[in-house]
>>> print(open('run27.cif').read())   # mmCIF, C-alpha atoms
data_my_file
#
loop_
_atom_site.label_atom_id
_atom_site.label_comp_id
_atom_site.auth_asym_id
_atom_site.auth_seq_id
_atom_site.Cartn_x
_atom_site.Cartn_y
_atom_site.Cartn_z
CA MET A 1 -0.11 -27.65 31.75
CA PRO A 2 -3.54 -28.75 32.97
CA GLU A 3 -5.24 -28.17 29.61
CA TYR A 4 -3.78 -31.45 28.31
CA GLY A 5 -5.11 -33.57 31.15
CA ARG A 6 -3.84 -36.55 33.10
CA ILE A 7 -4.01 -39.03 30.19
CA ILE A 8 -1.45 -37.16 28.09
CA GLN A 9 0.79 -36.73 31.12
CA GLN A 10 0.72 -40.50 31.69
CA LEU A 11 1.51 -41.11 28.01
CA VAL A 12 4.52 -38.80 28.25
CA GLU A 13 5.79 -40.69 31.31
CA ARG A 14 5.34 -43.98 29.45
CA CYS A 15 7.23 -42.56 26.44
CA LYS A 16 10.21 -41.70 28.63
CA GLU A 17 10.40 -45.31 29.88
CA LEU A 18 10.71 -46.90 26.42
CA PRO A 19 14.12 -48.51 25.90
CA THR A 20 15.10 -47.24 22.45
CA LYS A 21 15.15 -43.74 20.93
CA GLU A 22 13.32 -45.01 17.86
CA GLU A 23 10.42 -46.26 19.97
CA ARG A 24 10.32 -43.06 22.00
CA SER A 25 10.30 -40.94 18.84
CA GLU A 26 7.47 -42.95 17.33
CA MET A 27 5.37 -42.60 20.48
CA ALA A 28 6.20 -38.92 20.78
CA MET A 29 4.75 -38.34 17.29
CA ALA A 30 1.56 -40.14 18.32
CA ILE A 31 1.34 -38.04 21.48
CA ILE A 32 1.73 -34.85 19.43
CA ASP A 33 -1.20 -35.86 17.21
CA PHE A 34 -3.27 -36.66 20.28
CA MET A 35 -2.41 -33.30 21.86
CA GLY A 36 -3.55 -31.56 18.67
CA GLN A 37 -6.87 -33.41 18.77
CA ARG A 38 -7.44 -32.53 22.42
CA ASN A 39 -6.72 -28.85 21.74
CA PRO A 40 -7.95 -28.08 18.19
CA GLN A 41 -7.91 -24.32 18.89
CA LEU A 42 -4.12 -24.41 18.68
CA ARG A 43 -4.35 -25.16 14.96
CA ASP A 44 -5.45 -21.58 14.33
CA GLU A 45 -2.18 -20.29 15.77
CA GLU A 46 0.99 -19.76 13.78
CA ASN A 47 3.57 -22.59 14.02
CA TYR A 48 1.20 -24.63 16.18
CA LYS A 49 3.18 -27.85 15.57
CA HIS A 50 6.28 -26.22 16.99
CA LYS A 51 4.31 -25.15 20.06
CA LEU A 52 3.01 -28.69 20.57
CA TRP A 53 6.56 -30.07 20.60
CA ASP A 54 7.59 -27.40 23.10
CA HIS A 55 4.62 -28.33 25.28
CA LEU A 56 5.55 -32.02 25.05
CA PHE A 57 9.06 -31.24 26.26
CA ILE A 58 7.69 -29.17 29.13
CA LEU A 59 5.35 -32.01 30.13
CA ALA A 60 8.39 -34.32 30.13
CA GLU A 61 10.11 -31.89 32.54
CA TYR A 62 12.80 -31.12 29.94
CA ASP A 63 13.96 -34.74 29.93
CA LEU A 64 12.95 -36.47 26.71
CA ASP A 65 15.42 -38.07 24.31
CA VAL A 66 13.54 -38.27 20.99
CA GLU A 67 13.95 -37.14 17.39
CA SER A 68 12.16 -33.82 17.08
CA PRO A 69 11.66 -31.62 13.99
CA TYR A 70 12.29 -28.59 16.21
CA PRO A 71 14.96 -27.81 18.79
CA PHE A 72 13.69 -28.19 22.34
CA PRO A 73 13.73 -25.06 24.52
CA THR A 74 15.73 -24.92 27.72
CA ARG A 75 14.44 -23.97 31.15
CA GLU A 76 16.41 -20.74 30.93
CA GLN A 77 14.83 -19.76 27.60
CA LEU A 78 11.29 -20.32 28.86
CA ALA A 79 12.02 -18.53 32.13
CA GLU A 80 13.46 -15.52 30.32
CA LYS A 81 11.24 -12.46 30.59
CA PRO A 82 10.16 -10.81 27.33
CA LYS A 83 11.79 -7.54 26.38
CA LYS A 84 9.99 -4.44 27.50
CA MET A 85 7.95 -2.94 24.68
CA GLU A 86 8.49 0.69 23.83
CA TYR A 87 5.49 2.96 23.90
CA PRO A 88 4.63 4.50 20.51
CA LYS A 89 5.73 8.07 19.96
CA LEU A 90 2.23 9.23 19.09
CA GLN A 91 0.93 9.70 22.61
CA GLY A 92 -0.99 12.52 24.26
CA ASP A 93 -0.73 15.70 22.21
CA PHE A 94 0.57 13.88 19.12
CA LYS A 95 -1.84 10.95 18.66
CA PHE A 96 -3.95 12.70 15.99
CA TYR A 97 -1.04 13.08 13.55
CA GLY A 98 -1.11 9.39 12.63
CA LYS A 99 1.57 6.88 11.68
CA SER A 100 1.88 8.21 8.13
CA ILE A 101 3.34 11.44 9.50
CA LEU A 102 5.97 9.48 11.44
CA GLN A 103 6.85 7.53 8.29
CA LEU A 104 7.23 10.76 6.31
CA ILE A 105 9.40 12.22 9.06
CA GLU A 106 11.71 9.19 8.94
CA LYS A 107 11.90 9.52 5.14
CA ALA A 108 12.76 13.22 5.40
CA ILE A 109 15.50 12.46 7.93
CA GLU A 110 17.08 9.96 5.52
CA LEU A 111 17.22 12.44 2.61
CA GLU A 112 20.36 14.43 1.91
CA PRO A 113 20.12 18.20 2.52
CA GLY A 114 18.64 19.99 -0.48
CA ASP A 115 15.45 21.20 -2.16
CA GLU A 116 13.78 17.78 -2.06
CA LYS A 117 14.30 17.44 1.68
CA GLU A 118 13.10 21.00 2.38
CA ALA A 119 10.02 20.46 0.23
CA LEU A 120 9.13 17.23 2.03
CA ILE A 121 9.57 18.85 5.45
CA GLU A 122 7.21 21.65 4.45
CA VAL A 123 4.65 19.12 3.15
CA ILE A 124 4.86 17.29 6.48
CA ALA A 125 4.36 20.49 8.45
CA ASN A 126 1.38 21.55 6.31
CA ASN A 127 -0.28 18.17 6.80
CA MET A 128 0.43 18.28 10.53
CA LYS A 129 -1.32 21.65 10.71
CA LYS A 130 -4.35 20.32 8.82
CA SER A 131 -4.57 17.27 11.11
CA TYR A 132 -4.27 19.43 14.19
CA ASN A 133 -7.03 21.82 13.07
CA VAL A 134 -9.40 18.99 12.08
CA TYR A 135 -8.91 16.99 15.28
CA ASN A 136 -8.90 19.86 17.78
CA LYS A 137 -11.34 22.05 15.81
CA GLU A 138 -9.31 25.12 16.60
CA HIS A 139 -6.63 27.21 14.90
CA VAL A 140 -3.04 26.36 15.73
CA THR A 141 -0.09 28.70 15.36
CA ASP A 142 2.84 27.68 13.22
CA ASP A 143 5.32 27.77 16.09
CA VAL A 144 3.36 24.96 17.79
CA ILE A 145 3.63 22.83 14.63
CA PHE A 146 7.35 23.60 14.42
CA ARG A 147 7.80 22.49 18.04
CA HIS A 148 5.83 19.26 17.53
CA LEU A 149 7.78 18.45 14.35
CA LYS A 150 11.07 19.06 16.12
CA GLU A 151 10.03 16.81 19.01
CA LEU A 152 8.68 13.99 16.81
CA SER A 153 11.88 14.02 14.76
CA GLU A 154 14.03 14.08 17.93
CA ASN A 155 15.46 17.50 16.99
CA ARG A 156 16.56 16.31 13.53
CA LEU A 157 14.04 18.41 11.56
CA ASP A 158 13.79 22.12 12.25
CA LEU A 159 11.54 24.71 10.54
CA THR A 160 12.28 27.65 12.78
CA GLY A 161 13.85 29.48 9.83
CA ILE A 162 10.43 29.78 8.10
CA GLU A 163 8.17 32.62 9.23
CA SER A 164 4.97 30.66 8.64
CA LEU A 165 3.65 27.65 6.76
CA GLU A 166 1.49 29.88 4.54
CA LYS A 167 4.66 31.47 3.15
CA SER A 168 6.29 28.18 2.26
CA LYS A 169 7.00 27.16 -1.33
CA ILE A 170 4.55 24.27 -1.11
CA TYR A 171 1.67 26.56 -0.17
CA TYR A 172 2.23 28.94 -3.06
CA THR A 173 2.92 26.17 -5.57
CA SER A 174 -0.37 24.45 -4.79
CA ASN A 175 -2.28 27.75 -4.96
CA ASN A 176 -0.71 28.75 -8.26
CA ASN A 177 -1.48 25.38 -9.75
CA SER A 178 -5.09 25.58 -8.63
CA GLY A 179 -5.32 29.11 -10.09
CA ARG A 180 -4.02 27.93 -13.43
CA ASN A 181 -6.42 25.01 -13.42
CA ASN A 182 -9.36 27.33 -12.73
CA SER A 183 -8.37 29.69 -15.52
CA ASN A 184 -7.96 26.77 -17.93
CA ASN A 185 -11.36 25.41 -16.97
CA SER A 186 -13.03 28.80 -17.41
CA GLY A 187 -11.35 29.17 -20.83
CA ARG A 188 -12.63 25.77 -21.92
CA ASN A 189 -16.14 26.62 -20.69
CA SER A 190 -16.07 29.92 -22.61
CA ASN A 191 -15.01 28.19 -25.84
CA SER A 192 -17.75 25.61 -25.36
CA ASN A 193 -20.39 28.34 -24.94
CA ASN A 194 -19.17 30.17 -28.06
CA ASN A 195 -19.43 26.98 -30.12
CA ASN A 196 -22.98 26.37 -28.89
CA ASN A 197 -24.00 29.94 -29.83
CA LYS A 198 -22.55 29.52 -33.32
CA ASN A 199 -24.42 26.26 -33.85
CA GLN A 200 -27.72 27.84 -32.80
CA THR A 201 -27.17 30.80 -35.20
CA ASN A 202 -26.43 28.45 -38.11
CA LYS A 203 -29.62 26.46 -37.36
CA ARG A 204 -31.77 29.63 -37.46
CA ARG A 205 -30.24 30.71 -40.80
CA HIS A 206 -30.91 27.30 -42.28
CA ASN A 207 -34.56 27.38 -41.20
CA ASN A 208 -35.12 30.90 -42.62
CA ASN A 209 -33.62 29.94 -45.99
CA HIS A 210 -35.88 26.89 -46.15
CA LYS A 211 -39.00 29.00 -45.54
CA ASN A 212 -38.03 31.57 -48.20
CA ARG A 213 -37.67 28.82 -50.86
CA LYS A 214 -41.19 27.64 -50.10
#
>>> encode(input="run27.cif", output="structure tokens")
Amino acid sequence: MPEYGRIIQQLVERCKELPTKEERSEMAMAIIDFMGQRNPQLRDEENYKHKLWDHLFILAEYDLDVESPYPFPTREQLAEKPKKMEYPKLQGDFKFYGKSILQLIEKAIELEPGDEKEALIEVIANNMKKSYNVYNKEHVTDDVIFRHLKELSENRLDLTGIESLEKSKIYYTSNNNSGRNNSNNSGRNSNSNNNNNKNQTNKRRHNNNHKNRK
């Protein structure tokens, strides 16, 4: 570990030669502090103290009998290769769907069969279609969305029984709600206009009566 330099290496060798464990432990603590001063960038890392003790043990060639607040690693542990990371599912044709879609898919898989699960699956498919159209700027057929959903869910979610997303319950529910909201808004606007007209008529009558008295 050349970043610590020859001085620290010599201190580690001197620490190993001390006769008692108490003396070695005391010097090891001093070396750890010195290592932290020589490499202040390590303080920004998580568990940097633990890393310094590991580095001290490595510098001592895994032969250092001291009291340590952390267990020392073995040669085998440090030589062990890290586990191979899995590539995310959202690759290639699926990257534009986003992680939220994957999370919803996992939630839908966990639900028991029933109306709630079917409704969530249809919501997922509708949102997948919107994402596809926005990202690719082209219309996508429902069978493509069904195929992507089936693949992303590893064949655990299947919408092949629905003719199209537009005919799903979610689509019609949202449209009906928006229709009712529009009619309610238009009704409120009409009532507001009627009230304004009545107020203007009453003002004109009041003005005419005032003139006649004069």
>>> closest_residue(input="run27.cif", among="A:Leu42, A:Ile32, A:Ser153, A:Val134", to="Gln103 of chain A", atoms="all atoms listed in the file")
A:Ser153
>>> resolve_selection(input="run27.cif", expression="the PyMOL selection byres ((chain A and resi 2-15) around 12)", output="PDB file with C-alpha atoms, in the coordinates of the input")
ATOM      1  CA  MET A   1      -0.110 -27.650  31.750  1.00  0.00           C
ATOM      2  CA  LYS A  16      10.210 -41.700  28.630  1.00  0.00           C
ATOM      3  CA  GLU A  17      10.400 -45.310  29.880  1.00  0.00           C
ATOM      4  CA  LEU A  18      10.710 -46.900  26.420  1.00  0.00           C
ATOM      5  CA  PRO A  19      14.120 -48.510  25.900  1.00  0.00           C
ATOM      6  CA  THR A  20      15.100 -47.240  22.450  1.00  0.00           C
ATOM      7  CA  LYS A  21      15.150 -43.740  20.930  1.00  0.00           C
ATOM      8  CA  GLU A  22      13.320 -45.010  17.860  1.00  0.00           C
ATOM      9  CA  GLU A  23      10.420 -46.260  19.970  1.00  0.00           C
ATOM     10  CA  ARG A  24      10.320 -43.060  22.000  1.00  0.00           C
ATOM     11  CA  SER A  25      10.300 -40.940  18.840  1.00  0.00           C
ATOM     12  CA  GLU A  26       7.470 -42.950  17.330  1.00  0.00           C
ATOM     13  CA  MET A  27       5.370 -42.600  20.480  1.00  0.00           C
ATOM     14  CA  ALA A  28       6.200 -38.920  20.780  1.00  0.00           C
ATOM     15  CA  MET A  29       4.750 -38.340  17.290  1.00  0.00           C
ATOM     16  CA  ALA A  30       1.560 -40.140  18.320  1.00  0.00           C
ATOM     17  CA  ILE A  31       1.340 -38.040  21.480  1.00  0.00           C
ATOM     18  CA  ILE A  32       1.730 -34.850  19.430  1.00  0.00           C
ATOM     19  CA  ASP A  33      -1.200 -35.860  17.210  1.00  0.00           C
ATOM     20  CA  PHE A  34      -3.270 -36.660  20.280  1.00  0.00           C
ATOM     21  CA  MET A  35      -2.410 -33.300  21.860  1.00  0.00           C
ATOM     22  CA  GLY A  36      -3.550 -31.560  18.670  1.00  0.00           C
ATOM     23  CA  GLN A  37      -6.870 -33.410  18.770  1.00  0.00           C
ATOM     24  CA  ARG A  38      -7.440 -32.530  22.420  1.00  0.00           C
ATOM     25  CA  ASN A  39      -6.720 -28.850  21.740  1.00  0.00           C
ATOM     26  CA  PRO A  40      -7.950 -28.080  18.190  1.00  0.00           C
ATOM     27  CA  GLN A  41      -7.910 -24.320  18.890  1.00  0.00           C
ATOM     28  CA  LEU A  42      -4.120 -24.410  18.680  1.00  0.00           C
ATOM     29  CA  LEU A  52       3.010 -28.690  20.570  1.00  0.00           C
ATOM     30  CA  TRP A  53       6.560 -30.070  20.600  1.00  0.00           C
ATOM     31  CA  HIS A  55       4.620 -28.330  25.280  1.00  0.00           C
ATOM     32  CA  LEU A  56       5.550 -32.020  25.050  1.00  0.00           C
ATOM     33  CA  PHE A  57       9.060 -31.240  26.260  1.00  0.00           C
ATOM     34  CA  ILE A  58       7.690 -29.170  29.130  1.00  0.00           C
ATOM     35  CA  LEU A  59       5.350 -32.010  30.130  1.00  0.00           C
ATOM     36  CA  ALA A  60       8.390 -34.320  30.130  1.00  0.00           C
ATOM     37  CA  GLU A  61      10.110 -31.890  32.540  1.00  0.00           C
ATOM     38  CA  TYR A  62      12.800 -31.120  29.940  1.00  0.00           C
ATOM     39  CA  ASP A  63      13.960 -34.740  29.930  1.00  0.00           C
ATOM     40  CA  LEU A  64      12.950 -36.470  26.710  1.00  0.00           C
ATOM     41  CA  ASP A  65      15.420 -38.070  24.310  1.00  0.00           C
ATOM     42  CA  VAL A  66      13.540 -38.270  20.990  1.00  0.00           C
TER      43      VAL A  66
END
>>> resolve_selection(input="run27.cif", expression="the PyMOL selection byres ((chain A and resi 147-152) around 10)", output="ChimeraX atom specification")
/A:89-90,93-94,101-102,105-106,121,124-125,128,142-146,153-160
>>> axis_aligned_box(input="run27.cif", around="segment 69-74 of chain A", padding_each_side="4 Å", output="lines of an AutoDock Vina configuration file")
center_x = 13.7
center_y = -28.3
center_z = 20.9
size_x = 12.1
size_y = 14.7
size_z = 21.7
>>> atom_distance(input="run27.cif", atom1="atom CA of Lys117 of chain A", atom2="atom CA of His139 of chain A")
26.6 Å
>>> atom_distance(input="run27.cif", atom1="atom CA of Tyr135 of chain A", atom2="atom CA of Tyr97 of chain A")
9.0 Å
>>> resolve_selection(input="run27.cif", expression="the PyMOL selection byres ((chain A and resi 73-77) around 8)", output="JSON, numbers by chain")
{"A": [54, 57, 62, 71, 72, 78, 79, 80]}
>>> residues_near_point(input="run27.cif", point="(9.3, -32.3, 16.3)", cutoff="7 Å", atoms="only C-alpha atoms", output="compact mmCIF listing (two decimals) with C-alpha atoms, keeping the file's coordinate frame")
# COMPACT_ATOMS: atom_id res chain seq x y z
CA HIS A 50 6.28 -26.22 16.99
CA TRP A 53 6.56 -30.07 20.60
CA GLU A 67 13.95 -37.14 17.39
CA SER A 68 12.16 -33.82 17.08
CA PRO A 69 11.66 -31.62 13.99
CA TYR A 70 12.29 -28.59 16.21
>>> atom_distance(input="run27.cif", atom1="atom CA of Ser100 of chain A", atom2="atom CA of Ser131 of chain A")
11.5 Å
>>> closest_residue(input="run27.cif", among="A:Asp44, A:Met85, A:Leu104, A:Lys51", to="Val123 of chain A", atoms="all atoms listed in the file")
A:Leu104
>>> closest_residue(input="run27.cif", among="A:Glu86, A:Asn126, A:Pro113, A:Tyr132", to="Gly98 of chain A", atoms="all atoms listed in the file")
A:Tyr132
>>> build_atoms(input="run27.cif", residues="segment 100-113 of chain A", atoms="N, CA and C atoms", output="CSV table (one decimal), in the frame of the given file")
chain,number,residue,atom,x,y,z
A,100,SER,N,1.3,7.8,9.4
A,100,SER,CA,1.9,8.2,8.1
A,100,SER,C,2.8,9.4,8.3
A,101,ILE,N,2.5,10.3,9.2
A,101,ILE,CA,3.3,11.4,9.5
A,101,ILE,C,4.7,11.0,10.0
A,102,LEU,N,4.7,10.0,10.9
A,102,LEU,CA,6.0,9.5,11.4
A,102,LEU,C,6.8,8.9,10.3
A,103,GLN,N,6.1,8.2,9.4
A,103,GLN,CA,6.8,7.5,8.3
A,103,GLN,C,7.5,8.6,7.4
A,104,LEU,N,6.7,9.7,7.1
A,104,LEU,CA,7.2,10.8,6.3
A,104,LEU,C,8.4,11.4,7.0
A,105,ILE,N,8.3,11.6,8.3
A,105,ILE,CA,9.4,12.2,9.1
A,105,ILE,C,10.7,11.4,8.9
A,106,GLU,N,10.5,10.1,9.1
A,106,GLU,CA,11.7,9.2,8.9
A,106,GLU,C,12.3,9.3,7.5
A,107,LYS,N,11.4,9.4,6.5
A,107,LYS,CA,11.9,9.5,5.1
A,107,LYS,C,12.6,10.8,5.0
A,108,ALA,N,12.1,11.9,5.5
A,108,ALA,CA,12.8,13.2,5.4
A,108,ALA,C,14.1,13.2,6.1
A,109,ILE,N,14.2,12.5,7.2
A,109,ILE,CA,15.5,12.5,7.9
A,109,ILE,C,16.6,11.7,7.1
A,110,GLU,N,16.1,10.7,6.3
A,110,GLU,CA,17.1,10.0,5.5
A,110,GLU,C,17.6,10.7,4.3
A,111,LEU,N,16.8,11.7,3.8
A,111,LEU,CA,17.2,12.4,2.6
A,111,LEU,C,18.4,13.3,2.9
A,112,GLU,N,19.2,13.5,1.8
A,112,GLU,CA,20.4,14.4,1.9
A,112,GLU,C,19.9,15.9,1.9
A,113,PRO,N,20.6,16.8,2.5
A,113,PRO,CA,20.1,18.2,2.5
A,113,PRO,C,20.0,18.7,1.1
